[in-house]
$ cat work-v6.tsv   # TSV, C-alpha atoms and all ligand atoms
chain	number	residue	atom	x	y	z
A	7	MET	CA	-60.73	-9.40	94.47
A	8	ASN	CA	-57.08	-10.33	95.12
A	9	ALA	CA	-56.72	-9.23	98.76
A	10	THR	CA	-53.03	-9.82	99.36
A	11	ILE	CA	-51.38	-7.94	96.50
A	12	LEU	CA	-52.35	-4.51	97.92
A	13	HIS	CA	-51.45	-5.32	101.52
A	14	ASN	CA	-49.09	-2.60	102.85
A	15	LYS	CA	-48.81	-1.00	99.43
A	16	LYS	CA	-48.40	2.78	99.69
A	17	VAL	CA	-51.05	4.61	97.67
A	18	LEU	CA	-51.15	8.34	96.94
A	19	ILE	CA	-54.56	9.69	95.89
A	20	THR	CA	-55.42	13.24	94.82
A	21	THR	CA	-59.09	14.09	94.99
A	22	GLY	CA	-61.67	16.89	94.96
A	23	PRO	CA	-61.51	20.29	93.30
A	24	THR	CA	-58.91	22.99	93.78
A	25	ARG	CA	-59.78	26.58	94.68
A	26	GLU	CA	-57.80	29.36	93.09
A	27	ALA	CA	-58.13	32.59	95.05
A	28	ILE	CA	-59.21	35.84	93.36
A	29	ASP	CA	-59.28	37.93	96.55
A	30	PRO	CA	-59.65	37.09	100.29
A	31	VAL	CA	-63.32	36.09	99.84
A	32	ARG	CA	-63.59	34.70	96.28
A	33	TYR	CA	-62.14	31.88	94.24
A	34	ILE	CA	-62.37	29.97	90.94
A	35	SER	CA	-63.18	26.27	91.23
A	36	ASN	CA	-65.23	23.45	89.65
A	37	HIS	CA	-68.06	21.02	90.49
A	38	SER	CA	-65.92	18.11	91.73
A	39	THR	CA	-67.22	16.58	94.99
A	40	GLY	CA	-64.34	14.16	95.61
A	41	LYS	CA	-66.77	11.21	95.86
A	42	MET	CA	-64.82	9.07	93.37
A	43	GLY	CA	-61.44	9.64	95.04
A	44	TYR	CA	-62.79	8.89	98.52
A	45	ALA	CA	-64.55	5.74	97.25
A	46	ILE	CA	-61.25	4.57	95.74
A	47	ALA	CA	-59.43	5.30	99.02
A	48	LYS	CA	-61.99	3.14	100.91
A	49	GLN	CA	-61.41	0.20	98.54
A	50	PHE	CA	-57.62	0.41	98.98
A	51	LEU	CA	-58.01	0.61	102.78
A	52	GLN	CA	-60.24	-2.48	102.75
A	53	GLN	CA	-57.44	-4.31	100.94
A	54	GLY	CA	-54.87	-3.39	103.61
A	55	ALA	CA	-53.09	-0.60	101.72
A	56	GLN	CA	-51.66	2.55	103.35
A	57	VAL	CA	-53.38	5.53	101.79
A	58	PHE	CA	-52.05	9.10	101.59
A	59	MET	CA	-54.80	11.34	100.32
A	60	VAL	CA	-54.32	14.92	99.22
A	61	SER	CA	-57.79	16.37	99.15
A	62	GLY	CA	-59.22	19.62	97.85
A	63	PRO	CA	-62.17	21.11	99.81
A	64	VAL	CA	-64.97	18.49	99.98
A	65	CYS	CA	-67.81	17.60	102.36
A	66	ILE	CA	-66.76	13.99	102.99
A	67	GLU	CA	-65.36	12.57	106.25
A	68	LEU	CA	-63.18	9.48	106.23
A	69	GLN	CA	-61.10	8.11	109.08
A	70	HIS	CA	-58.96	4.98	109.18
A	71	SER	CA	-55.78	3.99	111.01
A	72	ASN	CA	-54.02	3.47	107.64
A	73	LEU	CA	-55.18	6.77	106.17
A	74	THR	CA	-53.36	10.11	106.13
A	75	ILE	CA	-55.34	13.02	104.70
A	76	VAL	CA	-53.79	16.36	103.81
A	77	GLN	CA	-56.36	19.09	103.12
A	78	VAL	CA	-55.38	21.68	100.52
A	79	ASN	CA	-56.99	24.49	98.55
A	80	SER	CA	-54.97	25.46	95.48
A	81	ALA	CA	-53.24	23.40	92.78
A	82	ASN	CA	-49.85	24.61	94.05
A	83	GLU	CA	-50.68	23.43	97.58
A	84	MET	CA	-51.86	20.07	96.16
A	85	TYR	CA	-48.58	19.65	94.26
A	86	MET	CA	-46.46	20.53	97.33
A	87	ALA	CA	-48.39	18.04	99.49
A	88	CYS	CA	-48.00	15.28	96.85
A	89	CYS	CA	-44.22	15.89	96.82
A	90	ARG	CA	-44.13	14.54	100.41
A	91	PHE	CA	-45.61	11.19	99.38
A	92	PHE	CA	-44.95	10.45	95.70
A	93	GLU	CA	-41.40	9.14	95.94
A	94	ASP	CA	-42.36	6.37	98.37
A	95	ALA	CA	-45.69	5.56	96.72
A	96	ASP	CA	-46.18	2.24	94.94
A	97	ILE	CA	-49.36	3.48	93.31
A	98	ALA	CA	-50.58	7.01	92.54
A	99	VAL	CA	-54.18	7.77	91.58
A	100	PHE	CA	-54.73	11.29	90.26
A	101	ALA	CA	-58.47	11.73	90.75
A	102	ALA	CA	-58.49	15.47	91.56
A	103	ALA	CA	-60.16	18.01	89.29
A	104	VAL	CA	-57.26	20.45	89.36
A	105	ALA	CA	-57.96	23.95	88.04
A	106	ASP	CA	-55.88	24.42	84.90
A	107	TYR	CA	-55.45	28.17	85.50
A	108	ARG	CA	-55.31	30.54	88.46
A	109	PRO	CA	-55.63	34.32	88.71
A	110	ALA	CA	-52.26	35.91	87.93
A	111	LYS	CA	-52.61	38.14	90.99
A	112	ILE	CA	-54.57	37.63	94.20
A	113	ALA	CA	-56.04	40.97	95.32
A	114	GLU	CA	-54.98	41.72	98.89
A	115	GLN	CA	-58.33	43.32	99.74
A	116	LYS	CA	-61.85	42.35	98.69
A	117	ILE	CA	-62.48	43.64	95.15
A	118	LYS	CA	-65.21	46.30	95.32
A	119	LYS	CA	-67.85	46.54	92.59
A	120	GLU	CA	-66.78	49.90	91.26
A	121	GLU	CA	-66.24	49.08	87.57
A	122	SER	CA	-69.09	48.02	85.23
A	123	SER	CA	-66.87	45.14	84.05
A	124	PHE	CA	-63.39	43.85	84.74
A	125	THR	CA	-61.06	41.13	83.47
A	126	ILE	CA	-59.18	38.53	85.48
A	127	SER	CA	-55.85	37.62	83.94
A	128	MET	CA	-55.09	33.90	84.41
A	129	VAL	CA	-51.84	31.93	84.38
A	130	LYS	CA	-51.39	28.18	83.88
A	131	ASN	CA	-51.23	25.99	86.98
A	132	ILE	CA	-48.71	23.22	87.42
A	133	ASP	CA	-49.89	19.90	85.92
A	134	ILE	CA	-49.40	17.63	88.93
A	135	ALA	CA	-49.83	14.29	87.14
A	136	TYR	CA	-47.55	15.39	84.27
A	137	GLU	CA	-44.77	16.47	86.67
A	138	PHE	CA	-44.83	13.15	88.54
A	139	GLY	CA	-45.12	11.26	85.22
A	140	LYS	CA	-41.68	12.67	84.33
A	141	VAL	CA	-40.00	11.26	87.46
A	142	LYS	CA	-42.06	8.05	87.84
A	143	LYS	CA	-39.92	4.95	88.44
A	144	THR	CA	-40.65	1.71	86.53
A	145	LYS	CA	-41.81	0.04	89.75
A	146	GLN	CA	-44.40	2.76	90.36
A	147	LEU	CA	-47.86	2.59	88.86
A	148	SER	CA	-49.95	5.65	88.08
A	149	VAL	CA	-53.59	6.11	87.15
A	150	GLY	CA	-55.26	9.25	85.86
A	151	PHE	CA	-58.76	10.39	85.01
A	152	ALA	CA	-60.06	12.08	81.89
A	153	LEU	CA	-63.38	13.88	81.84
A	154	GLU	CA	-64.24	14.66	78.23
A	155	THR	CA	-67.12	16.07	76.20
A	156	ASN	CA	-65.98	15.08	72.69
A	157	ASP	CA	-63.52	12.69	70.93
A	158	GLU	CA	-63.35	11.01	74.34
A	159	LEU	CA	-61.16	8.00	73.48
A	160	VAL	CA	-58.61	10.06	71.51
A	161	HIS	CA	-58.24	12.64	74.30
A	162	ALA	CA	-57.95	9.93	76.96
A	163	GLN	CA	-55.31	8.00	74.94
A	164	ASN	CA	-53.33	11.25	74.57
A	165	LYS	CA	-53.42	11.80	78.34
A	166	LEU	CA	-52.24	8.21	78.90
A	167	GLN	CA	-49.12	8.92	76.79
A	168	LYS	CA	-48.48	12.55	77.78
A	169	LYS	CA	-48.72	12.02	81.54
A	170	ASN	CA	-47.03	8.57	81.50
A	171	PHE	CA	-50.06	6.91	83.14
A	172	ASP	CA	-50.42	3.12	83.22
A	173	MET	CA	-54.17	3.53	83.00
A	174	VAL	CA	-56.66	6.33	82.34
A	175	ILE	CA	-60.22	6.19	83.63
A	176	LEU	CA	-62.40	7.95	81.10
A	177	ASN	CA	-65.67	9.67	82.09
A	178	SER	CA	-67.81	11.22	79.41
A	179	MET	CA	-70.00	14.25	80.08
A	180	ASN	CA	-72.32	12.70	77.45
A	181	ASP	CA	-73.24	9.80	79.74
A	182	ALA	CA	-76.32	10.46	81.88
A	183	ASN	CA	-75.98	10.27	85.70
A	184	SER	CA	-72.20	10.14	85.42
A	185	ALA	CA	-69.19	12.07	86.79
A	186	PHE	CA	-69.44	15.35	88.80
A	187	GLY	CA	-71.86	15.27	91.73
A	188	TYR	CA	-73.67	12.01	90.93
A	189	ASP	CA	-73.48	8.91	93.14
A	190	THR	CA	-73.15	6.83	89.97
A	191	ASN	CA	-70.51	6.78	87.26
A	192	LYS	CA	-69.86	5.13	83.91
A	193	ILE	CA	-66.22	4.56	83.08
A	194	THR	CA	-63.97	3.15	80.40
A	195	ALA	CA	-60.57	1.83	81.55
A	196	ILE	CA	-57.81	2.59	79.04
A	197	ARG	CA	-54.53	0.75	79.52
A	198	LYS	CA	-51.35	0.64	77.47
A	199	ASP	CA	-51.48	-3.18	77.37
A	200	GLN	CA	-55.16	-3.77	76.50
A	201	LEU	CA	-58.06	-2.57	74.39
A	202	PRO	CA	-60.37	-0.04	76.16
A	203	ARG	CA	-62.74	-1.72	78.60
A	204	GLU	CA	-66.17	-0.16	79.03
A	205	PHE	CA	-68.09	-0.70	82.27
A	206	PRO	CA	-71.85	-0.19	82.75
A	207	LEU	CA	-73.29	2.65	84.90
A	208	LYS	CA	-72.79	1.72	88.56
A	209	HIS	CA	-72.76	3.23	92.05
A	210	LYS	CA	-69.41	4.96	92.72
A	211	THR	CA	-68.59	2.33	95.39
A	212	GLU	CA	-68.83	-0.37	92.72
A	213	VAL	CA	-66.93	1.77	90.21
A	214	ALA	CA	-64.14	2.25	92.76
A	215	ARG	CA	-64.06	-1.51	93.22
A	216	ASP	CA	-63.70	-2.00	89.44
A	217	ILE	CA	-60.88	0.58	89.30
A	218	VAL	CA	-58.96	-1.01	92.19
A	219	LYS	CA	-59.50	-4.43	90.61
A	220	GLU	CA	-58.01	-3.12	87.33
A	221	ILE	CA	-55.03	-1.77	89.33
A	222	CYS	CA	-54.56	-5.23	90.91
A	223	SER	CA	-54.60	-6.75	87.44
A	224	LEU	CA	-51.93	-4.25	86.28
A	225	LEU	CA	-49.77	-5.20	89.29
A	226	ILE	CA	-50.19	-8.92	88.65
A	227	HIS	CA	-49.30	-8.38	84.98
A	228	ARG	CA	-46.14	-6.59	86.06
A	229	TYR	CA	-45.07	-9.37	88.45
A	230	GLU	CA	-45.72	-12.00	85.75
A	231	HIS	CA	-43.50	-10.06	83.33
A	232	LYS	CA	-40.76	-9.87	85.96
A	233	ALA	CA	-41.03	-13.59	86.72
A	234	LEU	CA	-40.93	-14.52	83.02
A	235	ALA	CA	-37.98	-12.19	82.33
A	236	TYR	CA	-36.04	-14.14	84.96
A	237	PHE	CA	-36.12	-17.23	82.70
A	238	GLU	CA	-35.19	-15.37	79.51
B	1	LIG	N1	-54.25	16.73	86.45
B	1	LIG	C1	-53.31	17.14	87.38
B	1	LIG	N2	-52.94	18.46	87.45
B	1	LIG	C2	-53.49	19.37	86.61
B	1	LIG	C3	-54.47	18.97	85.67
B	1	LIG	C4	-54.83	17.65	85.61
B	1	LIG	O1	-52.82	16.30	88.15
B	1	LIG	N3	-53.09	20.65	86.70
B	1	LIG	C5	-54.61	15.29	86.36
B	1	LIG	C6	-56.04	15.00	86.76
B	1	LIG	O2	-56.13	14.68	88.15
B	1	LIG	C7	-56.38	13.81	85.86
B	1	LIG	C8	-55.56	14.06	84.60
B	1	LIG	O3	-54.49	14.91	85.00
B	1	LIG	O4	-55.94	12.59	86.40
B	1	LIG	C9	-56.32	14.64	83.46
B	1	LIG	O5	-56.97	15.81	83.89
B	1	LIG	P1	-57.88	16.65	82.89
B	1	LIG	O6	-58.37	17.87	83.61
B	1	LIG	O7	-58.90	15.74	82.25
B	1	LIG	O8	-56.88	17.02	81.75
B	1	LIG	P2	-55.96	18.24	81.43
B	1	LIG	O9	-54.57	17.74	81.34
B	1	LIG	O10	-56.19	19.36	82.39
B	1	LIG	O11	-56.42	18.61	79.96
B	1	LIG	P3	-57.71	19.39	79.41
B	1	LIG	O12	-58.27	20.18	80.59
B	1	LIG	O13	-57.14	20.24	78.34
B	1	LIG	O14	-58.64	18.31	78.93
$ encode --input "work-v6.tsv" --output "structure tokens"
Amino acid sequence: MNATILHNKKVLITTGPTREAIDPVRYISNHSTGKMGYAIAKQFLQQGAQVFMVSGPVCIELQHSNLTIVQVNSANEMYMACCRFFEDADIAVFAAAVADYRPAKIAEQKIKKEESSFTISMVKNIDIAYEFGKVKKTKQLSVGFALETNDELVHAQNKLQKKNFDMVILNSMNDANSAFGYDTNKITAIRKDQLPREFPLKHKTEVARDIVKEICSLLIHRYEHKALAYFE
């Protein structure tokens, strides 16, 4: 791995699930454990990068002198925390499983089971990656994830365009021992400048290494372009 290119680079990572409150004791969330995001953070730290991680509630501990972690619950809190770091970030990795919707109203008191059924009205959450994709500078590099169950490549390519990512890491729910909760993952890296690259099933530490290696290759590509443009 190219060790120098990431030295002192500022990296923003979102990771884990978000929790969207229903009342003071209940919430809507998903099965994300944050393992992938934390594994990616470790790889960046090993390469000398400064990592700013905005993490939903997970059961992982990570400490490092170059690591700042902000713990959040909801998608709105995650977005607000990212606003502190995005502008100065060289690289942003959106690995969080952000809830797409939240309850329209949070009940002030615990909801009692009086009715035989009830409906929770939901409103759309902010799309964090999309918002930062709109203001991303050309020198910044962003990577997103896509977890799909069908037409995986098409959906992932759409996310690459829509959210202005430089690369999307595709996980398929159809791959065994992959994605949420597992220690292993099987990914396909989708870049604007290359054909999709499929990796075999690996431990998440190795997958994180592959992802960070792909990011290094994107950075090198960018510098080569800059250097060549100088002679044109
Ligand atoms: N993402 C985000 N904020 C959201 C939703 C998603 O930052 N509110 C980011 C995720 O971290 C991921 C990428 O966008 O990097 C794609 O997330 P995903 O949930 O797969 O896609 P959605 O845009 O939510 O689309 P859908 O759920 O319809 O597949």
$ residues_near_ligand --input "work-v6.tsv" --ligand "ligand LIG 1 (chain B)" --cutoff "7 Å" --atoms "all atoms listed in the file" --output "compact mmCIF listing (two decimals) with C-alpha atoms, in the coordinates of the input"
# COMPACT_ATOMS: atom_id res chain seq x y z
CA THR A 20 -55.42 13.24 94.82
CA ALA A 81 -53.24 23.40 92.78
CA PHE A 100 -54.73 11.29 90.26
CA ALA A 101 -58.47 11.73 90.75
CA ALA A 102 -58.49 15.47 91.56
CA ALA A 103 -60.16 18.01 89.29
CA VAL A 104 -57.26 20.45 89.36
CA ALA A 105 -57.96 23.95 88.04
CA ASP A 106 -55.88 24.42 84.90
CA ASN A 131 -51.23 25.99 86.98
CA ILE A 132 -48.71 23.22 87.42
CA ASP A 133 -49.89 19.90 85.92
CA ILE A 134 -49.40 17.63 88.93
CA ALA A 135 -49.83 14.29 87.14
CA TYR A 136 -47.55 15.39 84.27
CA VAL A 149 -53.59 6.11 87.15
CA GLY A 150 -55.26 9.25 85.86
CA PHE A 151 -58.76 10.39 85.01
CA ALA A 152 -60.06 12.08 81.89
CA LEU A 153 -63.38 13.88 81.84
CA GLU A 154 -64.24 14.66 78.23
CA LYS A 165 -53.42 11.80 78.34
$ closest_atom_pairs --input "work-v6.tsv" --of "region 155-234 of chain A" --to "region 35-42 of chain A" --cutoff "9 Å" --atoms "all atoms listed in the file" --output "tab-separated table"
residue	atom	partner	partner_atom	distance
A:Ala185	CA	A:Met42	CA	8.4
A:Phe186	CA	A:Ser38	CA	5.3
A:Gly187	CA	A:Thr39	CA	5.8
A:Tyr188	CA	A:Lys41	CA	8.5
A:Asp189	CA	A:Lys41	CA	7.6
A:Asn191	CA	A:Met42	CA	8.7
A:Lys210	CA	A:Met42	CA	6.2
A:Thr211	CA	A:Met42	CA	8.0
A:Val213	CA	A:Met42	CA	8.2
A:Ala214	CA	A:Met42	CA	6.9
$ write_last_selection --input "work-v6.tsv" --atoms "C-alpha atoms" --output "PDB file, keeping the file's coordinate frame"
ATOM      1  CA  ALA A 185     -69.190  12.070  86.790  1.00  0.00           C
ATOM      2  CA  PHE A 186     -69.440  15.350  88.800  1.00  0.00           C
ATOM      3  CA  GLY A 187     -71.860  15.270  91.730  1.00  0.00           C
ATOM      4  CA  TYR A 188     -73.670  12.010  90.930  1.00  0.00           C
ATOM      5  CA  ASP A 189     -73.480   8.910  93.140  1.00  0.00           C
ATOM      6  CA  ASN A 191     -70.510   6.780  87.260  1.00  0.00           C
ATOM      7  CA  LYS A 210     -69.410   4.960  92.720  1.00  0.00           C
ATOM      8  CA  THR A 211     -68.590   2.330  95.390  1.00  0.00           C
ATOM      9  CA  VAL A 213     -66.930   1.770  90.210  1.00  0.00           C
ATOM     10  CA  ALA A 214     -64.140   2.250  92.760  1.00  0.00           C
TER      11      ALA A 214
END
$ residues_near_point --input "work-v6.tsv" --point "(-54.5, 42.5, 91.4)" --cutoff "12 Å" --atoms "all atoms listed in the file" --output "list of chain:residue names"
A:Ala27, A:Ile28, A:Asp29, A:Pro30, A:Pro109, A:Ala110, A:Lys111, A:Ile112, A:Ala113, A:Glu114, A:Gln115, A:Lys116, A:Ile117, A:Phe124, A:Thr125, A:Ile126, A:Ser127, A:Met128
$ atom_distance --input "work-v6.tsv" --atom1 "CA of Val141 (chain A)" --atom2 "CA of Glu93 (chain A)"
8.9 Å
$ closest_residue --input "work-v6.tsv" --among "A:Glu120, A:Asp172, A:Asp181, A:Glu230" --to "Thr144 (chain A)" --atoms "all atoms listed in the file"
A:Asp172
$ closest_residue --input "work-v6.tsv" --among "A:Leu159, A:Ile75, A:Ile226, A:Leu147" --to "Asp94 (chain A)" --atoms "all atoms listed in the file"
A:Leu147
$ decode --input "work-v6.tsv" --residues "region 151-210 of chain A" --atoms "C-alpha atoms" --output "PDB file, in the first residue's frame"
ATOM      1  CA  PHE A 151     -21.869   2.600   0.021  1.00  0.00           C
ATOM      2  CA  ALA A 152     -24.835   0.900  -1.597  1.00  0.00           C
ATOM      3  CA  LEU A 153     -26.538  -2.068   0.006  1.00  0.00           C
ATOM      4  CA  GLU A 154     -28.910  -3.571  -2.542  1.00  0.00           C
ATOM      5  CA  THR A 155     -31.168  -6.594  -2.935  1.00  0.00           C
ATOM      6  CA  ASN A 156     -31.871  -6.401  -6.689  1.00  0.00           C
ATOM      7  CA  ASP A 157     -30.496  -4.738  -9.876  1.00  0.00           C
ATOM      8  CA  GLU A 158     -27.435  -4.069  -7.725  1.00  0.00           C
ATOM      9  CA  LEU A 159     -25.103  -2.552 -10.343  1.00  0.00           C
ATOM     10  CA  VAL A 160     -27.773  -0.234 -11.793  1.00  0.00           C
ATOM     11  CA  HIS A 161     -28.778   1.095  -8.357  1.00  0.00           C
ATOM     12  CA  ALA A 162     -25.146   1.567  -7.323  1.00  0.00           C
ATOM     13  CA  GLN A 163     -24.290   3.417 -10.586  1.00  0.00           C
ATOM     14  CA  ASN A 164     -27.299   5.702  -9.995  1.00  0.00           C
ATOM     15  CA  LYS A 165     -26.062   6.508  -6.482  1.00  0.00           C
ATOM     16  CA  LEU A 166     -22.585   7.271  -7.871  1.00  0.00           C
ATOM     17  CA  GLN A 167     -24.105   9.926 -10.182  1.00  0.00           C
ATOM     18  CA  LYS A 168     -26.854  11.263  -7.903  1.00  0.00           C
ATOM     19  CA  LYS A 169     -24.668  11.775  -4.826  1.00  0.00           C
ATOM     20  CA  ASN A 170     -21.585  12.921  -6.813  1.00  0.00           C
ATOM     21  CA  PHE A 171     -19.422  10.120  -5.351  1.00  0.00           C
ATOM     22  CA  ASP A 172     -16.032   9.260  -6.851  1.00  0.00           C
ATOM     23  CA  MET A 173     -16.593   5.642  -5.893  1.00  0.00           C
ATOM     24  CA  VAL A 174     -19.442   3.489  -4.599  1.00  0.00           C
ATOM     25  CA  ILE A 175     -18.813   0.308  -2.639  1.00  0.00           C
ATOM     26  CA  LEU A 176     -21.589  -2.109  -3.481  1.00  0.00           C
ATOM     27  CA  ASN A 177     -22.743  -4.808  -1.040  1.00  0.00           C
ATOM     28  CA  SER A 178     -25.404  -7.240  -2.116  1.00  0.00           C
ATOM     29  CA  MET A 179     -27.843  -8.794   0.346  1.00  0.00           C
ATOM     30  CA  ASN A 180     -27.729 -11.822  -2.002  1.00  0.00           C
ATOM     31  CA  ASP A 181     -24.125 -12.612  -1.063  1.00  0.00           C
ATOM     32  CA  ALA A 182     -23.805 -15.041   1.854  1.00  0.00           C
ATOM     33  CA  ASN A 183     -21.877 -13.905   4.977  1.00  0.00           C
ATOM     34  CA  SER A 184     -21.801 -10.328   3.708  1.00  0.00           C
ATOM     35  CA  ALA A 185     -22.809  -6.853   4.965  1.00  0.00           C
ATOM     36  CA  PHE A 186     -24.799  -6.205   8.195  1.00  0.00           C
ATOM     37  CA  GLY A 187     -23.447  -7.924  11.306  1.00  0.00           C
ATOM     38  CA  TYR A 188     -20.965 -10.299   9.659  1.00  0.00           C
ATOM     39  CA  ASP A 189     -17.195 -10.060  10.151  1.00  0.00           C
ATOM     40  CA  THR A 190     -16.789 -10.723   6.425  1.00  0.00           C
ATOM     41  CA  ASN A 191     -17.921  -8.765   3.390  1.00  0.00           C
ATOM     42  CA  LYS A 192     -17.980  -9.097  -0.389  1.00  0.00           C
ATOM     43  CA  ILE A 193     -17.765  -5.835  -2.281  1.00  0.00           C
ATOM     44  CA  THR A 194     -17.692  -4.440  -5.790  1.00  0.00           C
ATOM     45  CA  ALA A 195     -15.911  -1.088  -6.253  1.00  0.00           C
ATOM     46  CA  ILE A 196     -17.663   1.133  -8.783  1.00  0.00           C
ATOM     47  CA  ARG A 197     -15.726   4.154 -10.023  1.00  0.00           C
ATOM     48  CA  LYS A 198     -16.495   6.761 -12.655  1.00  0.00           C
ATOM     49  CA  ASP A 199     -13.150   6.087 -14.381  1.00  0.00           C
ATOM     50  CA  GLN A 200     -13.118   2.260 -14.439  1.00  0.00           C
ATOM     51  CA  LEU A 201     -15.227  -0.834 -14.986  1.00  0.00           C
ATOM     52  CA  PRO A 202     -16.713  -2.324 -11.763  1.00  0.00           C
ATOM     53  CA  ARG A 203     -14.164  -4.319  -9.787  1.00  0.00           C
ATOM     54  CA  GLU A 204     -15.435  -7.321  -7.851  1.00  0.00           C
ATOM     55  CA  PHE A 205     -13.517  -8.547  -4.805  1.00  0.00           C
ATOM     56  CA  PRO A 206     -13.839 -12.009  -3.202  1.00  0.00           C
ATOM     57  CA  LEU A 207     -15.407 -12.540   0.260  1.00  0.00           C
ATOM     58  CA  LYS A 208     -12.893 -11.390   2.875  1.00  0.00           C
ATOM     59  CA  HIS A 209     -12.631 -10.390   6.540  1.00  0.00           C
ATOM     60  CA  LYS A 210     -13.770  -6.768   7.011  1.00  0.00           C
TER      61      LYS A 210
END
